[in-house]
Each structure stands twice: as structure tokens, then as C-alpha cells.
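Structure file run08.cif with mmCIF, C-alpha atoms:
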data_data
loop_
_atom_site.label_atom_id
_atom_site.label_comp_id
_atom_site.auth_asym_id
_atom_site.auth_seq_id
_atom_site.Cartn_x
_atom_site.Cartn_y
_atom_site.Cartn_z
CA MET O 1 0.00 0.00 0.00
CA ILE O 2 1.03 3.60 -0.56
CA PHE O 3 0.56 5.45 2.71
CA ASP O 4 -1.47 8.67 2.56
CA GLY O 5 0.42 10.97 4.91
CA ARG O 6 -1.77 13.94 4.15
CA ALA O 7 -4.95 12.16 5.25
CA ALA O 8 -3.29 10.83 8.42
CA ALA O 9 -1.89 14.26 9.27
CA LYS O 10 -5.30 15.89 8.73
CA LYS O 11 -6.85 13.54 11.28
CA MET O 12 -4.06 14.35 13.75
CA GLU O 13 -4.60 18.08 13.12
CA GLU O 14 -8.30 17.72 13.85
CA ASP O 15 -7.51 15.94 17.11
CA LEU O 16 -5.13 18.74 18.13
CA ILE O 17 -7.73 21.40 17.37
CA THR O 18 -10.38 19.52 19.34
CA SER O 19 -8.05 19.12 22.32
CA GLY O 20 -7.53 22.88 22.61
CA ARG O 21 -3.95 22.25 23.77
CA LEU O 22 -2.47 24.70 21.23
CA VAL O 23 -4.65 27.66 22.17
CA GLY O 24 -2.38 30.64 22.89
CA LYS O 25 0.81 28.80 21.92
CA SER O 26 3.55 30.49 19.89
CA LEU O 27 6.33 29.14 17.65
CA LEU O 28 9.45 30.80 16.26
CA ILE O 29 10.98 29.33 13.08
CA LEU O 30 14.51 30.44 12.17
CA GLN O 31 15.65 29.91 8.57
CA CYS O 32 19.18 30.57 7.37
CA ASP O 33 19.77 28.75 4.08
CA GLY O 34 20.92 31.65 1.88
CA SER O 35 17.43 32.45 0.63
CA ASP O 36 15.71 35.77 1.30
CA LYS O 37 12.25 34.20 1.63
CA GLU O 38 10.79 31.25 3.49
CA SER O 39 11.41 27.82 2.01
CA THR O 40 8.65 25.42 0.95
CA TYR O 41 9.07 23.29 4.07
CA VAL O 42 9.02 26.34 6.36
CA ARG O 43 5.89 27.59 4.58
CA LEU O 44 4.18 24.24 5.13
CA LYS O 45 5.07 24.34 8.84
CA ARG O 46 3.82 27.92 9.15
CA GLU O 47 0.56 27.18 7.35
CA MET O 48 -0.21 24.15 9.49
CA GLY O 49 0.50 26.15 12.63
CA GLU O 50 -1.84 28.88 11.49
CA ARG O 51 -4.58 26.30 10.84
CA LEU O 52 -4.05 25.02 14.38
CA GLY O 53 -4.34 28.51 15.86
CA VAL O 54 -0.65 28.84 16.75
CA LYS O 55 1.08 32.21 16.55
CA VAL O 56 3.88 31.34 14.12
CA LYS O 57 6.73 33.77 13.48
CA VAL O 58 9.24 33.08 10.69
CA GLU O 59 12.57 34.90 10.66
CA VAL O 60 14.87 34.55 7.64
CA LEU O 61 18.41 35.30 8.81
CA ARG O 62 21.55 36.04 6.82
CA ASN O 63 24.23 33.96 8.53
CA LYS O 64 24.91 31.47 11.31
CA GLU O 65 26.08 34.23 13.64
CA GLU O 66 22.62 35.81 13.48
CA VAL O 67 21.07 32.43 14.32
CA GLU O 68 23.36 32.04 17.32
CA GLU O 69 22.52 35.54 18.55
CA ARG O 70 18.78 35.07 18.07
CA LEU O 71 18.77 31.89 20.12
CA LYS O 72 19.99 33.81 23.16
CA LYS O 73 16.56 35.35 23.63
CA ILE O 74 13.51 33.23 22.93
CA GLU O 75 10.16 34.47 24.20
CA GLU O 76 7.99 32.05 22.23
CA ASP O 77 6.76 28.71 23.63
CA GLY O 78 8.73 26.78 21.03
CA VAL O 79 11.54 27.35 18.54
CA LEU O 80 13.03 25.41 15.68
CA VAL O 81 16.00 26.05 13.41
CA GLN O 82 15.28 24.85 9.90
CA LEU O 83 18.23 22.95 8.43
CA PRO O 84 20.55 23.39 6.63
CA ILE O 85 22.22 26.46 8.13
CA LEU O 86 24.22 28.49 5.62
CA GLY O 87 27.97 28.28 6.26
CA ALA O 88 27.67 25.87 9.18
CA GLY O 89 29.46 22.54 9.04
CA ARG O 90 28.36 19.50 10.99
CA GLU O 91 30.01 20.49 14.27
CA GLU O 92 28.85 24.11 13.99
CA THR O 93 25.30 22.97 13.23
CA GLU O 94 25.28 20.69 16.26
CA ALA O 95 26.62 23.52 18.43
CA ILE O 96 23.82 25.82 17.25
CA LEU O 97 21.18 23.16 17.90
CA THR O 98 22.63 22.56 21.36
CA ALA O 99 22.00 26.25 22.07
CA ILE O 100 18.24 25.76 21.67
CA PRO O 101 16.59 25.77 25.13
CA VAL O 102 15.69 22.15 25.85
CA GLU O 103 12.21 23.05 27.10
CA LYS O 104 11.46 24.97 23.87
CA ASP O 105 13.12 22.60 21.37
CA VAL O 106 9.90 21.24 19.89
CA ASP O 107 11.72 19.81 16.85
CA GLY O 108 13.83 17.70 19.22
CA LEU O 109 17.17 18.45 17.54
CA ASN O 110 19.10 19.43 20.67
CA ALA O 111 20.63 16.16 21.90
CA ARG O 112 19.39 17.03 25.42
CA SER O 113 15.94 18.11 24.25
CA ASP O 114 12.87 17.49 26.39
CA PHE O 115 11.21 16.20 23.20
CA LYS O 116 11.75 13.36 20.74
CA PRO O 117 12.53 14.64 17.22
CA ALA O 118 9.41 15.19 15.15
CA ALA O 119 10.85 12.92 12.42
CA VAL O 120 11.38 10.10 14.92
CA LEU O 121 7.81 10.44 16.21
CA ALA O 122 6.55 10.28 12.62
CA VAL O 123 8.60 7.16 11.86
CA LEU O 124 7.40 5.43 15.04
CA ARG O 125 3.81 6.13 14.02
CA LEU O 126 4.49 4.77 10.52
CA LEU O 127 6.07 1.59 11.87
CA LYS O 128 2.93 1.00 13.91
CA ALA O 129 0.72 1.70 10.89
CA ALA O 130 2.75 -0.77 8.83
CA GLY O 131 2.50 -3.44 11.52
CA VAL O 132 6.24 -3.55 12.18
CA GLY O 133 6.50 -5.14 15.62
CA LEU O 134 9.17 -4.56 18.24
CA GLY O 135 12.32 -6.60 17.76
CA ARG O 136 12.08 -6.42 13.97
CA ARG O 137 15.29 -5.52 12.12
CA ILE O 138 15.16 -2.04 10.61
CA ALA O 139 17.74 -0.63 8.21
CA VAL O 140 18.48 3.07 8.71
CA VAL O 141 20.15 4.49 5.62
CA GLY O 142 22.07 7.65 6.49
CA ALA O 143 22.83 6.36 9.98
CA GLU O 144 25.72 8.78 10.49
CA GLY O 145 23.71 11.85 9.53
CA MET O 146 21.95 14.04 12.06
CA ALA O 147 18.51 12.52 11.47
CA GLY O 148 19.94 9.03 11.10
CA ARG O 149 21.82 9.09 14.39
CA ARG O 150 18.67 10.10 16.28
CA LEU O 151 16.67 7.40 14.47
CA MET O 152 19.24 4.75 15.40
CA ARG O 153 19.21 5.85 19.03
CA ASP O 154 15.48 6.33 19.49
CA LEU O 155 14.27 3.36 17.45
CA GLY O 156 16.74 1.18 19.33
CA GLY O 157 15.48 2.63 22.59
CA ALA O 158 11.91 1.81 21.55
CA GLY O 159 12.82 -1.85 21.13
CA TYR O 160 13.66 -2.19 17.45
CA SER O 161 16.85 -3.78 16.12
CA CYS O 162 18.59 -1.22 13.88
CA LEU O 163 21.19 -1.85 11.19
CA GLY O 164 22.98 1.29 9.98
CA PHE O 165 24.02 2.07 6.39
CA ASP O 166 25.63 5.14 4.86
CA LEU O 167 26.50 6.53 1.46
CA GLY O 168 29.37 4.47 0.08
CA ASP O 169 28.19 1.25 1.73
CA ASN O 170 27.04 -1.69 -0.35
CA LEU O 171 23.30 -1.09 -0.21
CA LYS O 172 22.55 -4.59 -1.45
CA GLY O 173 22.93 -5.42 2.23
CA LEU O 174 19.45 -3.91 2.61
CA LEU O 175 18.07 -7.19 1.29
CA VAL O 176 18.39 -8.73 4.76
CA CYS O 177 15.96 -6.15 6.21
CA ASP O 178 12.20 -6.16 5.77
CA THR O 179 11.93 -2.51 6.87
CA ILE O 180 14.04 0.38 5.51
CA VAL O 181 14.07 4.00 6.68
CA SER O 182 16.09 6.31 4.43
CA ALA O 183 17.36 9.76 5.53
CA THR O 184 20.36 10.69 3.36
CA GLY O 185 19.06 13.53 1.20
CA THR O 186 20.06 11.61 -1.95
CA VAL O 187 17.33 11.40 -4.57
CA GLY O 188 16.56 7.94 -6.00
CA LEU O 189 19.26 6.25 -3.94
CA ILE O 190 17.44 2.98 -3.24
CA THR O 191 16.41 0.96 -6.27
CA PRO O 192 14.17 -2.14 -6.58
CA GLU O 193 17.06 -4.64 -6.78
CA MET O 194 18.26 -3.46 -3.35
CA VAL O 195 15.06 -4.40 -1.51
CA ARG O 196 13.17 -7.60 -0.80
CA GLU O 197 9.61 -8.36 -1.82
CA GLY O 198 7.11 -6.97 0.70
CA VAL O 199 9.52 -4.40 2.14
CA VAL O 200 8.27 -1.57 4.35
CA ALA O 201 9.83 1.55 2.78
CA ILE O 202 9.81 4.79 4.81
CA ASP O 203 11.24 7.75 2.92
CA LEU O 204 12.40 10.88 4.79
CA GLY O 205 13.58 12.60 1.61
CA PHE O 206 12.28 16.06 0.70
CA PRO O 207 11.33 17.52 -1.73
CA LYS O 208 12.12 14.38 -3.76
CA GLY O 209 12.23 10.78 -2.59
CA GLU O 210 15.21 8.58 -1.78
CA PHE O 211 13.44 5.41 -2.94
CA ALA O 212 13.04 5.00 -6.69
CA SER O 213 9.33 5.05 -7.52
CA ALA O 214 9.53 1.46 -8.80
CA VAL O 215 10.25 0.26 -5.23
CA ALA O 216 6.54 0.82 -4.54
CA GLU O 217 5.76 -2.17 -6.78
CA LYS O 218 7.67 -4.50 -4.42
CA ALA O 219 6.71 -2.83 -1.15
CA SER O 220 3.94 -3.87 1.22
CA PHE O 221 4.02 -0.33 2.68
CA PHE O 222 5.47 2.69 0.87
CA THR O 223 5.64 6.38 1.76
CA SER O 224 5.74 8.54 -1.35
CA VAL O 225 7.39 11.97 -1.53
CA PRO O 226 5.76 14.41 -1.26
CA GLY O 227 2.75 13.52 0.83
CA GLY O 228 4.15 10.67 2.94
CA VAL O 229 6.35 11.27 5.98
CA GLY O 230 6.50 15.06 5.61
CA PRO O 231 2.96 15.95 6.73
CA LEU O 232 3.26 13.61 9.72
CA THR O 233 6.58 15.15 10.74
CA ILE O 234 5.04 18.61 10.74
CA VAL O 235 2.03 17.64 12.83
CA CYS O 236 4.30 15.76 15.27
CA LEU O 237 6.19 19.04 15.71
CA TYR O 238 2.93 20.65 16.84
CA GLN O 239 2.15 17.73 19.14
CA ASN O 240 5.46 18.55 20.84
CA LEU O 241 4.51 22.24 20.98
CA ALA O 242 1.23 21.27 22.67
CA ARG O 243 3.35 19.79 25.49
CA ALA O 244 5.74 22.77 25.73
#
What would the structure in this file look like if it were written as C-alpha cells?
Amino acid sequence: MIFDGRAAAKKMEEDLITSGRLVGKSLLILQCDGSDKESTYVRLKREMGERLGVKVKVEVLRNKEEVEERLKKIEEDGVLVQLPILGAGREETEAILTAIPVEKDVDGLNARSDFKPAAVLAVLRLLKAAGVGLGRRIAVVGAEGMAGRRLMRDLGGAGYSCLGFDLGDNLKGLLVCDTIVSATGTVGLITPEMVREGVVAIDLGFPKGEFASAVAEKASFFTSVPGGVGPLTIVCLYQNLARA
């Protein structure tokens, strides 16, 4: 089956609105990717927040120093820094994310955050929807990346057995896994000959997918891009904000 992330996210939105837990909440989104206007993903996050009644403020900054300075004073209930950050390498990016107050880090990117990353929450929900039970072996492609490391840690902590892969590895090794989560940022990386029949394929790529579209023909559960994981990730962000 091809999972309809938009329909699932809409139901989760409706539940959040009904709960009233977001009434009066505020969210600051910082973007620093070299653009002078909000990105597509930031726009989608802002629009969902506005539908939920959240006061969303987007600030497009010019450099990483401005991001660092802005994080010193956060008045909103929650804050997220949209990645990538212009001019920031891996260590600099992690240092900036570590500066996010743990009680306001609703995207869960600070390693000490009070919240699980929104992407991890979305993947956990998808594993449940796909019927992937605890103890099952899950391949995480991009295991050394920022998202991949958190997936390895949190999925393992939830009781799953994780096998890590990265760019440059022999991805035919994915054939031993009946569930694959890909988070490398590489379009069309995983092709049909790399996966087994009936695979559960969860694609964190954006705006284009990391699984070739033909993988859907072999998969028992497939998240297309766009419209798969992305909408769930955004609504999971707002579930975290509801707890902030």
C-alpha cells in the first residue's frame, strides 16, 4: 500500500484542534539557508501552525552568527531552526542546535531536548501503521547523519533492532531487512534490486524521494514523496509544541 500521509496528518490536526492544547501557543521558526524568503518546508510548517491557531513567526536570517545571537533570547513557547544552516558545518550545526533551550526545542534536535525529534515520532507512528513489531530488524540508511543518528538511538530505545548504512556502503545489504528508513538527502538512492519483496519503505527525503518510484511495486508499505512522511513530521512538531 502507498501510505497517505496527508490524510493521516489531517486527522491528527483535527484531534489537536479539538483538544484545545495549542490555544495561545507560539512558535518561532529560524531559517538561514541563503534564501531571502521562506522555504517550501518552512511555509508548510507555518501554514499548518496557522490552521491550528498557533502564533507562528518566521525569521529569515543572513548567517549562522545571526542564528546564534537570536537563540539567546527566545520568548515564544517553542523554537526550531530549519536545516541546513548556511555556512555551518556539521560540528557548527550541532553547536547551534545545542543552544536551543531544551524546554522549547519542539523539533527535538538538541541532543538534550525534552522532546523526541518530530521525524522520529513520525517514523514510530508509521512503523505502527505498517504493523512492524518490536524486535524487527530495521535498516536506517544515512545512519551517520543528524537525522539518522537520532533514528538509530530512538528506534533502538523503543525496542527495534537497527542496522545502519551510509553513502558508500554496499546497499545490497538492505536485502536482509524487511523494513528500511532512508534519511540521506540523496534522490533515488534505493532501487528495486536493493530491496526484498514486501519491504516496508519509509522515505524521509524532501522535496524528492530517496526510494526509486519502482520500489513501490515491491513494497507492502510505501511512503511517497511528497505527501508521505513530511505531513506527519510537521504535525508531530505541533504535538510537541502542545506539550511545551
Q: Give me the residues within 10 Å of O:Val187 as a VMD selection string, counting only C-alpha atoms and dropping any in the same chain fewer than 4 places off.
A: chain O and resid 205 to 212
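You will find atom CA of O:Ser161 at 22.9 Å from atom CA of O:Pro192.
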(Q) For a test of reading the model, state the distance in Å between atom CA of O:Asn240 and atom CA of O:Arg21, rounded to one decimal. (A)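 According to the coordinates, atom CA of O:Asn240 and atom CA of O:Arg21 are separated by 10.5 Å.
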Q.
Evaluated on this file, the PyMOL selection byres ((chain O and resi 118-129) around 8) picks out some residues - which ones are they, written as a PyMOL selection string?
A. chain O and resi 106-108+116-117+130-133+147+150-151+154-155+202+229+232-234+236-237+240
(Q) Set the distance at 7 Å and use only C-alpha atoms: which residues neighbour O:Val58 once local chain neighbours fewer than 6 positions away are removed? I'd like the list as a PyMOL selection string. (A) chain O and resi 28-30
Q. So, counting only C-alpha atoms, which residue among O:Met194, O:Ala244, O:Cys162, O:Leu61 is closest to O:Leu174?
A.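 Ranking O:Met194, O:Ala244, O:Cys162, O:Leu61 by distance to O:Leu174, first place goes to O:Met194.
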Q.
When you count all atoms listed in the file, which of these residues is closest to O:Met152: O:Asn170, O:Ser182, O:Ser19, O:Thr93?
A. O:Ser182
Q.
With the PyMOL selection byres ((chain O and resi 79-92) around 10) as the selection, what would be picked from this file? Answer as an MDAnalysis selection string, please.
A. chainID O and resid 26:35 39 41:42 56:65 67 71 74:78 93:98 100:110 145:146 237 241
As lines of an AutoDock Vina configuration file: centre and edge lengths in Å, one decimal, of the axis-aligned box holding stretch 8-18 of chain O with 4 Å per side:
center_x = -6.1
center_y = 16.1
center_z = 13.9
size_x = 16.5
size_y = 18.6
size_z = 18.9
Q) Where does the PyMOL selection byres ((chain O and resi 140) around 10) land in this file, that is, which residues does it pick, as number ranges by chain? A) O: 137-139, 141-144, 147-149, 151-152, 155, 162-166, 174, 177, 179-184, 202
Q.
Counting all atoms listed in the file, I want the residues whose atoms come within 12 Å of (3.2, -6.1, -6.1) in the file frame, returned as a count of residues only.
A. 16
Q. Which of these residues is nearest to O:Val200, using all atoms listed in the file: O:Lys45, O:Lys55, O:Arg136, O:Lys10?
A.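 Answer, going by the shortest atom-to-atom distance: O:Arg136.
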Q. For O:Ala242, which of O:Ala99, O:Val23, O:Val176, O:Ala111 is the closest residue, counting only C-alpha atoms?
A.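 Distance minimum relative to O:Ala242 lands on O:Val23.
Distance-wise, atom CA of O:Lys11 and atom CA of O:Asp114 end up 25.2 Å apart.
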Output stretch 44-61 of chain O with N, CA, C and O atoms present, as a compact mmCIF listing (two decimals), in the frame of the given file.
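result-v1.txt, freshly written:
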# COMPACT_ATOMS: atom_id res chain seq x y z
N LEU O 44 5.12 25.28 4.74
CA LEU O 44 4.18 24.24 5.13
C LEU O 44 4.03 24.17 6.66
O LEU O 44 2.92 23.98 7.18
N LYS O 45 5.13 24.34 7.38
CA LYS O 45 5.07 24.34 8.84
C LYS O 45 4.29 25.55 9.34
O LYS O 45 3.47 25.44 10.27
N ARG O 46 4.54 26.72 8.74
CA ARG O 46 3.82 27.92 9.15
C ARG O 46 2.32 27.77 8.89
O ARG O 46 1.48 28.09 9.75
N GLU O 47 1.97 27.28 7.71
CA GLU O 47 0.56 27.18 7.35
C GLU O 47 -0.19 26.20 8.25
O GLU O 47 -1.33 26.47 8.64
N MET O 48 0.46 25.07 8.59
CA MET O 48 -0.21 24.15 9.49
C MET O 48 -0.40 24.79 10.86
O MET O 48 -1.47 24.67 11.47
N GLY O 49 0.62 25.48 11.34
CA GLY O 49 0.50 26.15 12.63
C GLY O 49 -0.63 27.15 12.65
O GLY O 49 -1.40 27.22 13.63
N GLU O 50 -0.76 27.89 11.56
CA GLU O 50 -1.84 28.88 11.49
C GLU O 50 -3.20 28.20 11.49
O GLU O 50 -4.15 28.70 12.11
N ARG O 51 -3.31 27.05 10.82
CA ARG O 51 -4.58 26.30 10.84
C ARG O 51 -4.90 25.82 12.25
O ARG O 51 -6.08 25.71 12.63
N LEU O 52 -3.86 25.53 13.02
CA LEU O 52 -4.05 25.02 14.38
C LEU O 52 -4.24 26.14 15.40
O LEU O 52 -4.45 25.87 16.58
N GLY O 53 -4.16 27.39 14.95
CA GLY O 53 -4.34 28.51 15.86
C GLY O 53 -3.09 28.95 16.59
O GLY O 53 -3.16 29.71 17.56
N VAL O 54 -1.93 28.48 16.13
CA VAL O 54 -0.65 28.84 16.75
C VAL O 54 -0.16 30.17 16.17
O VAL O 54 -0.32 30.44 14.98
N LYS O 55 0.45 30.97 17.01
CA LYS O 55 1.08 32.21 16.55
C LYS O 55 2.48 31.86 16.04
O LYS O 55 3.40 31.66 16.83
N VAL O 56 2.61 31.76 14.72
CA VAL O 56 3.88 31.34 14.12
C VAL O 56 4.62 32.55 13.57
O VAL O 56 4.07 33.34 12.79
N LYS O 57 5.88 32.69 13.97
CA LYS O 57 6.73 33.77 13.48
C LYS O 57 7.92 33.16 12.75
O LYS O 57 8.64 32.34 13.31
N VAL O 58 8.11 33.56 11.49
CA VAL O 58 9.24 33.08 10.69
C VAL O 58 10.24 34.21 10.53
O VAL O 58 9.88 35.32 10.14
N GLU O 59 11.51 33.92 10.86
CA GLU O 59 12.57 34.90 10.66
C GLU O 59 13.61 34.30 9.73
O GLU O 59 14.16 33.22 10.00
N VAL O 60 13.86 34.98 8.60
CA VAL O 60 14.87 34.55 7.64
C VAL O 60 16.14 35.34 7.93
O VAL O 60 16.17 36.56 7.77
N LEU O 61 17.17 34.64 8.38
CA LEU O 61 18.41 35.30 8.81
C LEU O 61 19.51 35.14 7.76
O LEU O 61 19.45 34.26 6.90
